[in-house]
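A.B. asks: Quick one: the structure is below, and I'll ask about it shortly.
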Amino acid sequence: MTLWDNEYIAQSVLKKHLDKNIDSGTRKESTVISTIQWIDKIISQKGKMLDVGCGPGLYADLLQNCGFKYHGIDISKYQVEYAKKKSKYEDTIFEVVDFRKLSLSNCYDCVLMLYGIYSFYKFEERIELLKIIKDALLPGGSVIVETFTKYHYLNRRESRDWTYIEKNGFWSNEPYLELNAFYRFDDLELVLVQAAKINSDVKVWNSWIQIFTVEKLQMEFRIAGFTQFEIFSSCTGDAYNENSEVLCMVAR
Ligand SMILES: C[S@@+](CC[C@H](N)C(=O)[O-])C[C@H]1O[C@@H](n2cnc3c(N)ncnc32)[C@H](O)[C@@H]1O
């Protein structure tokens, strides 16, 4: 079961994305604005921009304001529906697309993969996506990708706990027992965030997250044909430091 095929859960996810004060699913409003200012500064070709895993499209109109022609794709039809309604630009494009089935007919000056989407999928799926993006990039075009490093999880121990939810929970409107677990696979540079809902039936959600070093991220992009890299500690352009929890890379 995924986070996207049940309307109730999809709305819970959307609600978290839209909370302006927390970093959950998307960045806080102030960080989104700083990210846009940074992108505006470093990407001089203000042509077509593809946002992979665009969520509720919080970056869309701000990027259009900077002169980009924005095209957002997301696997969740609920996120895309919200994004379409919210955008004030008629030429902004939002589409329900699973990037594992992506084919691109346009060429882009810039491709965004913000807030971890690149980390949620397997090596083979990541490389396949990068190759498709590389083929669709115009000369001088850039990819901006954001992943987490081991420092993000450094103090997080393996854990398992449960909570009884009476009503209006994240996973269901009905009463249920929620089981949460966090597992580390340090040798594979992976973590697993697991949630289960138990009431009349049992549902389990597994979120595998790949942890990256600069070397690992660059190696994957090299396989897909990228040759130039700049590394930052955030998508607001902070200088890279080796204890950073976030790795933001601009690849060409
Ligand atoms: C962590 S959120 C980031 C949203 C947005 N980039 C932001 O920073 O506000 C990841 C997004 O990726 C989408 N997503 C996950 N898997 C996807 C896939 N295979 N293809 C397209 N979108 C996907 C999710 O629906 C979710 O909206």
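So you can find residues: chains in the structure tokens are A, B, ... in the order shown, residues in each start at 1, and ligands are numbered from 1 in order.
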Using only C-alpha atoms and all ligand atoms, find each residue with an atom at most 10 Å away from ligand 1 and format the answer as a PyMOL selection string.

C.D. replies: chain A and resi 2-4+10+13-14+17-18+23-29+32+51-60+72-80+95-102+112-121+125+129+146

A.B. asks: Just asking: which residues within stretch 147-217 of chain A are helix (DSSP H, G or I) according to DSSP, as a list in words?

C.D. replies: Lys150, Tyr151, His152, Asp186, Asp187, Leu188, Val214, Glu215, Lys216 and Leu217 of chain A

A.B. asks: List the neighbours of A:Gly169 out to 12 Å using only C-alpha atoms; skip same-chain residues closer than 3 positions along the sequence, and give me the result as a count of residues only.

C.D. replies: 17

A.B. asks: Compile the contact shell of stretch 233-249 of chain A as a CSV table (one decimal) with all heavy atoms, in the first residue's frame: residues with an atom at most 9 Å away, counting only C-alpha atoms, same-chain residues fewer than 4 positions apart removed.

C.D. replies:
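Generated output (part.csv):
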chain,number,residue,atom,x,y,z
A,31,THR,N,11.8,28.8,4.2
A,31,THR,CA,12.8,28.1,3.5
A,31,THR,C,12.5,28.0,2.0
A,31,THR,O,13.4,28.1,1.1
A,31,THR,CB,13.0,26.7,4.0
A,31,THR,OG1,13.1,26.8,5.5
A,31,THR,CG2,14.2,26.0,3.5
A,32,VAL,N,11.2,27.8,1.7
A,32,VAL,CA,10.8,27.7,0.2
A,32,VAL,C,11.2,29.1,-0.4
A,32,VAL,O,11.8,29.1,-1.5
A,32,VAL,CB,9.3,27.5,0.1
A,32,VAL,CG1,8.8,27.6,-1.3
A,32,VAL,CG2,8.9,26.1,0.6
A,33,ILE,N,10.9,30.2,0.2
A,33,ILE,CA,11.2,31.5,-0.4
A,33,ILE,C,12.8,31.7,-0.6
A,33,ILE,O,13.2,32.1,-1.6
A,33,ILE,CB,10.6,32.6,0.5
A,33,ILE,CG1,9.1,32.6,0.3
A,33,ILE,CG2,11.1,34.0,0.1
A,33,ILE,CD1,8.3,33.4,1.3
A,34,SER,N,13.5,31.3,0.4
A,34,SER,CA,15.0,31.4,0.3
A,34,SER,C,15.5,30.5,-0.8
A,34,SER,O,16.5,30.8,-1.5
A,34,SER,CB,15.7,31.0,1.6
A,34,SER,OG,15.2,31.8,2.7
A,35,THR,N,14.9,29.3,-0.9
A,35,THR,CA,15.3,28.4,-2.0
A,35,THR,C,15.1,29.0,-3.4
A,35,THR,O,16.0,28.9,-4.2
A,35,THR,CB,14.6,27.0,-1.9
A,35,THR,OG1,14.9,26.5,-0.6
A,35,THR,CG2,14.9,26.1,-3.0
A,36,ILE,N,13.9,29.6,-3.5
A,36,ILE,CA,13.6,30.2,-4.8
A,36,ILE,C,14.6,31.4,-5.1
A,36,ILE,O,15.1,31.5,-6.2
A,36,ILE,CB,12.2,30.8,-4.8
A,36,ILE,CG1,11.1,29.8,-4.6
A,36,ILE,CG2,11.9,31.6,-6.1
A,36,ILE,CD1,10.9,28.8,-5.7
A,37,GLN,N,14.9,32.2,-4.1
A,37,GLN,CA,15.9,33.3,-4.3
A,37,GLN,C,17.2,32.7,-4.7
A,37,GLN,O,17.9,33.3,-5.6
A,37,GLN,CB,16.1,34.1,-3.0
A,37,GLN,CG,14.8,34.9,-2.8
A,37,GLN,CD,14.8,35.5,-1.3
A,37,GLN,OE1,15.5,35.1,-0.5
A,37,GLN,NE2,13.8,36.4,-1.1
A,38,TRP,N,17.6,31.6,-4.1
A,38,TRP,CA,18.9,31.0,-4.5
A,38,TRP,C,18.9,30.5,-5.9
A,38,TRP,O,19.8,30.7,-6.7
A,38,TRP,CB,19.3,29.9,-3.5
A,38,TRP,CG,20.5,29.2,-3.7
A,38,TRP,CD1,21.8,29.7,-3.7
A,38,TRP,CD2,20.7,27.8,-4.1
A,38,TRP,NE1,22.7,28.8,-4.0
A,38,TRP,CE2,22.1,27.6,-4.3
A,38,TRP,CE3,19.8,26.7,-4.2
A,38,TRP,CZ2,22.6,26.3,-4.6
A,38,TRP,CZ3,20.3,25.5,-4.6
A,38,TRP,CH2,21.7,25.3,-4.7
A,39,ILE,N,17.8,29.7,-6.3
A,39,ILE,CA,17.7,29.2,-7.6
A,39,ILE,C,17.7,30.3,-8.7
A,39,ILE,O,18.4,30.2,-9.7
A,39,ILE,CB,16.4,28.3,-7.7
A,39,ILE,CG1,16.5,27.0,-6.9
A,39,ILE,CG2,16.2,27.9,-9.2
A,39,ILE,CD1,15.3,26.2,-6.8
A,114,LEU,N,13.7,18.0,-5.1
A,114,LEU,CA,13.9,18.6,-3.8
A,114,LEU,C,13.3,17.7,-2.7
A,114,LEU,O,12.3,17.0,-2.9
A,114,LEU,CB,13.2,20.0,-3.7
A,114,LEU,CG,13.8,21.0,-4.7
A,114,LEU,CD1,13.1,22.4,-4.5
A,114,LEU,CD2,15.3,21.2,-4.5
A,115,TYR,N,13.9,17.9,-1.5
A,115,TYR,CA,13.4,17.3,-0.3
A,115,TYR,C,13.3,15.7,-0.3
A,115,TYR,O,12.3,15.1,0.0
A,115,TYR,CB,12.1,17.9,0.1
A,115,TYR,CG,11.9,17.9,1.6
A,115,TYR,CD1,10.8,18.5,2.3
A,115,TYR,CD2,12.9,17.3,2.5
A,115,TYR,CE1,10.7,18.5,3.6
A,115,TYR,CE2,12.7,17.3,3.8
A,115,TYR,CZ,11.6,17.9,4.4
A,115,TYR,OH,11.5,17.9,5.8
A,143,VAL,N,20.7,20.1,-12.9
A,143,VAL,CA,19.8,19.4,-12.0
A,143,VAL,C,20.1,19.9,-10.6
A,143,VAL,O,21.3,19.9,-10.2
A,143,VAL,CB,20.0,17.9,-12.1
A,143,VAL,CG1,19.1,17.2,-11.1
A,143,VAL,CG2,19.7,17.4,-13.5
A,144,ILE,N,19.1,20.2,-9.8
A,144,ILE,CA,19.3,20.5,-8.4
A,144,ILE,C,18.7,19.4,-7.6
A,144,ILE,O,17.5,19.1,-7.7
A,144,ILE,CB,18.7,21.9,-8.0
A,144,ILE,CG1,19.3,23.0,-8.9
A,144,ILE,CG2,19.0,22.1,-6.5
A,144,ILE,CD1,18.8,24.4,-8.6
A,145,VAL,N,19.5,18.6,-6.9
A,145,VAL,CA,19.0,17.5,-6.1
A,145,VAL,C,19.3,17.6,-4.6
A,145,VAL,O,20.4,18.1,-4.3
A,145,VAL,CB,19.6,16.2,-6.7
A,145,VAL,CG1,21.1,16.1,-6.7
A,145,VAL,CG2,19.0,14.9,-6.0
A,146,GLU,N,18.4,17.2,-3.8
A,146,GLU,CA,18.6,17.3,-2.4
A,146,GLU,C,18.4,16.0,-1.7
A,146,GLU,O,17.4,15.3,-1.9
A,146,GLU,CB,17.6,18.3,-1.8
A,146,GLU,CG,17.7,18.6,-0.4
A,146,GLU,CD,16.5,19.5,0.1
A,146,GLU,OE1,15.5,19.5,-0.5
A,146,GLU,OE2,16.7,20.1,1.2
A,147,THR,N,19.4,15.5,-0.9
A,147,THR,CA,19.3,14.3,-0.2
A,147,THR,C,19.7,14.5,1.2
A,147,THR,O,20.2,15.5,1.6
A,147,THR,CB,20.3,13.2,-0.8
A,147,THR,OG1,21.6,13.6,-0.6
A,147,THR,CG2,20.0,13.0,-2.3
A,148,PHE,N,19.6,13.4,2.1
A,148,PHE,CA,20.1,13.5,3.4
A,148,PHE,C,21.4,12.7,3.6
A,148,PHE,O,21.7,11.8,2.9
A,148,PHE,CB,19.0,12.9,4.4
A,148,PHE,CG,17.8,13.7,4.4
A,148,PHE,CD1,16.6,13.3,3.8
A,148,PHE,CD2,17.8,14.9,5.1
A,148,PHE,CE1,15.5,14.1,3.8
A,148,PHE,CE2,16.6,15.7,5.1
A,148,PHE,CZ,15.5,15.3,4.5
A,149,THR,N,22.2,13.2,4.6
A,149,THR,CA,23.4,12.5,4.9
A,149,THR,C,23.3,11.7,6.2
A,149,THR,O,22.2,11.8,6.8
A,149,THR,CB,24.6,13.5,5.1
A,149,THR,OG1,24.3,14.2,6.3
A,149,THR,CG2,24.6,14.5,4.0
A,150,LYS,N,24.3,11.0,6.6
A,150,LYS,CA,24.2,10.2,7.8
A,150,LYS,C,24.0,11.1,9.0
A,150,LYS,O,23.5,10.6,10.0
A,150,LYS,CB,25.4,9.3,7.9
A,150,LYS,CG,26.7,10.0,8.2
A,150,LYS,CD,27.9,9.0,8.4
A,150,LYS,CE,29.2,9.8,8.6
A,150,LYS,NZ,30.3,8.9,8.8
A,151,TYR,N,24.4,12.3,8.9
A,151,TYR,CA,24.3,13.2,10.1
A,151,TYR,C,22.9,13.5,10.4
A,151,TYR,O,22.5,13.9,11.5
A,151,TYR,CB,25.2,14.5,9.9
A,151,TYR,CG,26.6,14.1,9.8
A,151,TYR,CD1,27.3,14.1,8.6
A,151,TYR,CD2,27.3,13.8,10.9
A,151,TYR,CE1,28.6,13.7,8.5
A,151,TYR,CE2,28.7,13.4,10.8
A,151,TYR,CZ,29.3,13.4,9.6
A,151,TYR,OH,30.6,13.0,9.5
A,152,HIS,N,22.0,13.4,9.4
A,152,HIS,CA,20.6,13.6,9.7
A,152,HIS,C,20.0,12.5,10.6
A,152,HIS,O,19.1,12.8,11.4
A,152,HIS,CB,19.8,13.5,8.3
A,152,HIS,CG,18.4,13.9,8.4
A,152,HIS,ND1,18.0,15.2,8.7
A,152,HIS,CD2,17.3,13.2,8.2
A,152,HIS,CE1,16.7,15.3,8.7
A,152,HIS,NE2,16.2,14.1,8.5
A,153,TYR,N,20.6,11.3,10.6
A,153,TYR,CA,20.1,10.2,11.4
A,153,TYR,C,21.1,9.9,12.5
A,153,TYR,O,20.8,8.9,13.2
A,153,TYR,CB,19.9,9.0,10.5
A,153,TYR,CG,18.9,9.3,9.4
A,153,TYR,CD1,19.3,9.6,8.1
A,153,TYR,CD2,17.5,9.3,9.7
A,153,TYR,CE1,18.4,9.9,7.1
A,153,TYR,CE2,16.6,9.6,8.6
A,153,TYR,CZ,17.1,9.9,7.4
A,153,TYR,OH,16.2,10.2,6.4
A,212,PHE,N,23.1,9.5,1.6
A,212,PHE,CA,24.2,9.8,0.6
A,212,PHE,C,25.4,10.5,1.2
A,212,PHE,O,25.3,11.3,2.2
A,212,PHE,CB,23.6,10.7,-0.5
A,212,PHE,CG,22.8,9.9,-1.5
A,212,PHE,CD1,21.4,9.8,-1.3
A,212,PHE,CD2,23.4,9.3,-2.5
A,212,PHE,CE1,20.6,9.1,-2.2
A,212,PHE,CE2,22.6,8.6,-3.4
A,212,PHE,CZ,21.2,8.4,-3.3
A,213,THR,N,26.6,10.2,0.6
A,213,THR,CA,27.8,11.0,0.8
A,213,THR,C,27.9,11.7,-0.5
A,213,THR,O,27.3,11.4,-1.5
A,213,THR,CB,29.0,10.1,1.0
A,213,THR,OG1,29.1,9.2,-0.2
A,213,THR,CG2,28.9,9.3,2.3
A,214,VAL,N,28.8,12.7,-0.5
A,214,VAL,CA,29.1,13.5,-1.8
A,214,VAL,C,29.5,12.5,-2.8
A,214,VAL,O,29.1,12.5,-4.0
A,214,VAL,CB,30.1,14.6,-1.5
A,214,VAL,CG1,30.6,15.2,-2.8
A,214,VAL,CG2,29.7,15.6,-0.5
A,217,LEU,N,26.7,10.3,-4.3
A,217,LEU,CA,25.8,11.0,-5.1
A,217,LEU,C,26.4,11.4,-6.5
A,217,LEU,O,25.8,11.2,-7.5
A,217,LEU,CB,25.3,12.3,-4.4
A,217,LEU,CG,24.2,13.1,-5.0
A,217,LEU,CD1,22.9,12.2,-5.0
A,217,LEU,CD2,23.9,14.3,-4.1
A,218,GLN,N,27.7,11.8,-6.4
A,218,GLN,CA,28.4,12.2,-7.7
A,218,GLN,C,28.6,10.9,-8.5
A,218,GLN,O,28.4,11.0,-9.8
A,218,GLN,CB,29.7,12.8,-7.4
A,218,GLN,CG,29.5,14.2,-6.8
A,218,GLN,CD,30.8,15.0,-6.7
A,218,GLN,OE1,31.9,14.4,-6.9
A,218,GLN,NE2,30.7,16.2,-6.3
A,229,PHE,N,29.9,19.3,-10.9
A,229,PHE,CA,29.1,19.3,-9.7
A,229,PHE,C,29.5,20.4,-8.8
A,229,PHE,O,30.7,20.7,-8.6
A,229,PHE,CB,29.4,17.9,-8.9
A,229,PHE,CG,29.2,16.7,-9.8
A,229,PHE,CD1,30.3,16.0,-10.3
A,229,PHE,CD2,27.9,16.3,-10.2
A,229,PHE,CE1,30.1,15.0,-11.2
A,229,PHE,CE2,27.8,15.2,-11.0
A,229,PHE,CZ,28.9,14.5,-11.5

A.B. asks: Select from stretch 46-218 of chain A everything DSSP, run on the backbone, classes as strand (DSSP E), then give the selection as number ranges by chain.

C.D. replies: A: 48-52, 69-74, 93-96, 108-113, 137-148, 159-165, 176-185, 190-198, 202-210

A.B. asks: Between A:Ile42, A:Ile127, A:Cys66, A:Ile93, which is the closest to A:Met219 once you count only C-alpha atoms?

C.D. replies: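 Of all the options, A:Ile127 lies closest to A:Met219.
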
A.B. asks: With only C-alpha atoms as the atoms that count, which of A:Lys131, A:Cys110, A:Phe185, A:Leu62 lies nearest to A:Val250?

C.D. replies: A:Cys110

A.B. asks: Expressed in Å to a single decimal, how great is the separation between atom CA of A:Phe221 and atom CA of A:Trp208?

C.D. replies: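 These two atoms are separated by 20.4 Å.
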
A.B. asks: I'd like the contact shell of A:Thr92 - 8 Å cut-off, only C-alpha atoms, skipping same-chain residues fewer than 5 positions apart - returned as a list of chain:residue names.

C.D. replies: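 Everything that qualifies: A:Ala60, A:Asp61, A:Gln64, A:Lys69, A:Tyr70, A:His71, A:Ser87.
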
A.B. asks: Take the selection from the previous step and output its residues with all heavy atoms, as a short mmCIF file (atom, residue, chain, number, x, y, z; two decimals), in the first residue's frame.

C.D. replies:
data_model
loop_
_atom_site.label_atom_id
_atom_site.label_comp_id
_atom_site.auth_asym_id
_atom_site.auth_seq_id
_atom_site.Cartn_x
_atom_site.Cartn_y
_atom_site.Cartn_z
N ALA A 60 5.90 26.44 -7.56
CA ALA A 60 5.54 26.70 -8.96
C ALA A 60 5.41 28.19 -9.30
O ALA A 60 6.13 28.70 -10.17
CB ALA A 60 4.24 25.96 -9.28
N ASP A 61 4.50 28.88 -8.63
CA ASP A 61 4.25 30.27 -9.02
C ASP A 61 5.46 31.15 -8.72
O ASP A 61 5.76 32.11 -9.45
CB ASP A 61 3.01 30.82 -8.30
CG ASP A 61 1.73 30.34 -8.99
OD1 ASP A 61 1.83 29.50 -9.90
OD2 ASP A 61 0.64 30.81 -8.61
N GLN A 64 7.71 30.71 -11.57
CA GLN A 64 7.16 31.42 -12.74
C GLN A 64 7.42 32.93 -12.59
O GLN A 64 7.77 33.59 -13.56
CB GLN A 64 5.66 31.16 -12.87
CG GLN A 64 5.30 29.74 -13.27
CD GLN A 64 5.04 29.56 -14.77
OE1 GLN A 64 5.35 28.52 -15.33
NE2 GLN A 64 4.50 30.57 -15.42
N LYS A 69 9.42 28.61 -16.99
CA LYS A 69 8.17 27.94 -17.42
C LYS A 69 8.13 26.63 -16.65
O LYS A 69 8.91 25.72 -16.92
CB LYS A 69 8.19 27.64 -18.93
CG LYS A 69 8.22 28.89 -19.77
CD LYS A 69 6.82 29.46 -19.95
CE LYS A 69 6.82 30.86 -20.51
NZ LYS A 69 6.61 31.94 -19.57
N TYR A 70 7.21 26.55 -15.71
CA TYR A 70 7.24 25.47 -14.72
C TYR A 70 6.41 24.26 -15.15
O TYR A 70 5.27 24.40 -15.59
CB TYR A 70 6.71 26.02 -13.40
CG TYR A 70 6.68 25.02 -12.27
CD1 TYR A 70 7.74 24.91 -11.38
CD2 TYR A 70 5.57 24.19 -12.07
CE1 TYR A 70 7.69 23.99 -10.33
CE2 TYR A 70 5.52 23.27 -11.04
CZ TYR A 70 6.59 23.19 -10.18
OH TYR A 70 6.54 22.28 -9.14
N HIS A 71 6.99 23.07 -14.98
CA HIS A 71 6.29 21.81 -15.26
C HIS A 71 6.53 20.89 -14.05
O HIS A 71 7.65 20.45 -13.81
CB HIS A 71 6.89 21.18 -16.53
CG HIS A 71 6.29 19.87 -16.90
ND1 HIS A 71 6.74 19.12 -17.96
CD2 HIS A 71 5.26 19.15 -16.37
CE1 HIS A 71 6.03 18.00 -18.07
NE2 HIS A 71 5.13 17.99 -17.10
N SER A 87 -2.36 27.37 -8.59
CA SER A 87 -1.50 28.17 -9.45
C SER A 87 -2.29 29.27 -10.15
O SER A 87 -3.38 29.05 -10.66
CB SER A 87 -0.83 27.30 -10.50
OG SER A 87 -0.04 28.12 -11.33
#

A.B. asks: Which is closest to A:Ala136 among A:Met49, A:Ile198, A:Leu154, A:Leu63, if we use only C-alpha atoms?

C.D. replies: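 Ranked by minimum distance to A:Ala136, first place goes to A:Met49.
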
A.B. asks: Counting only C-alpha atoms, which residue out of A:Asn106, A:Ser207, A:Ser142, A:Gln194 sits closest to A:Lys122?

C.D. replies: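 Going through A:Asn106, A:Ser207, A:Ser142, A:Gln194 one by one, the smallest distance to A:Lys122 is for A:Ser207.
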
A.B. asks: For atom CA of A:Phe226 and atom CA of A:Pro139, determine how far apart the two atoms are, in Å to one decimal place.

C.D. replies: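 Atom-to-atom, atom CA of A:Phe226 and atom CA of A:Pro139 are spaced 11.7 Å apart.
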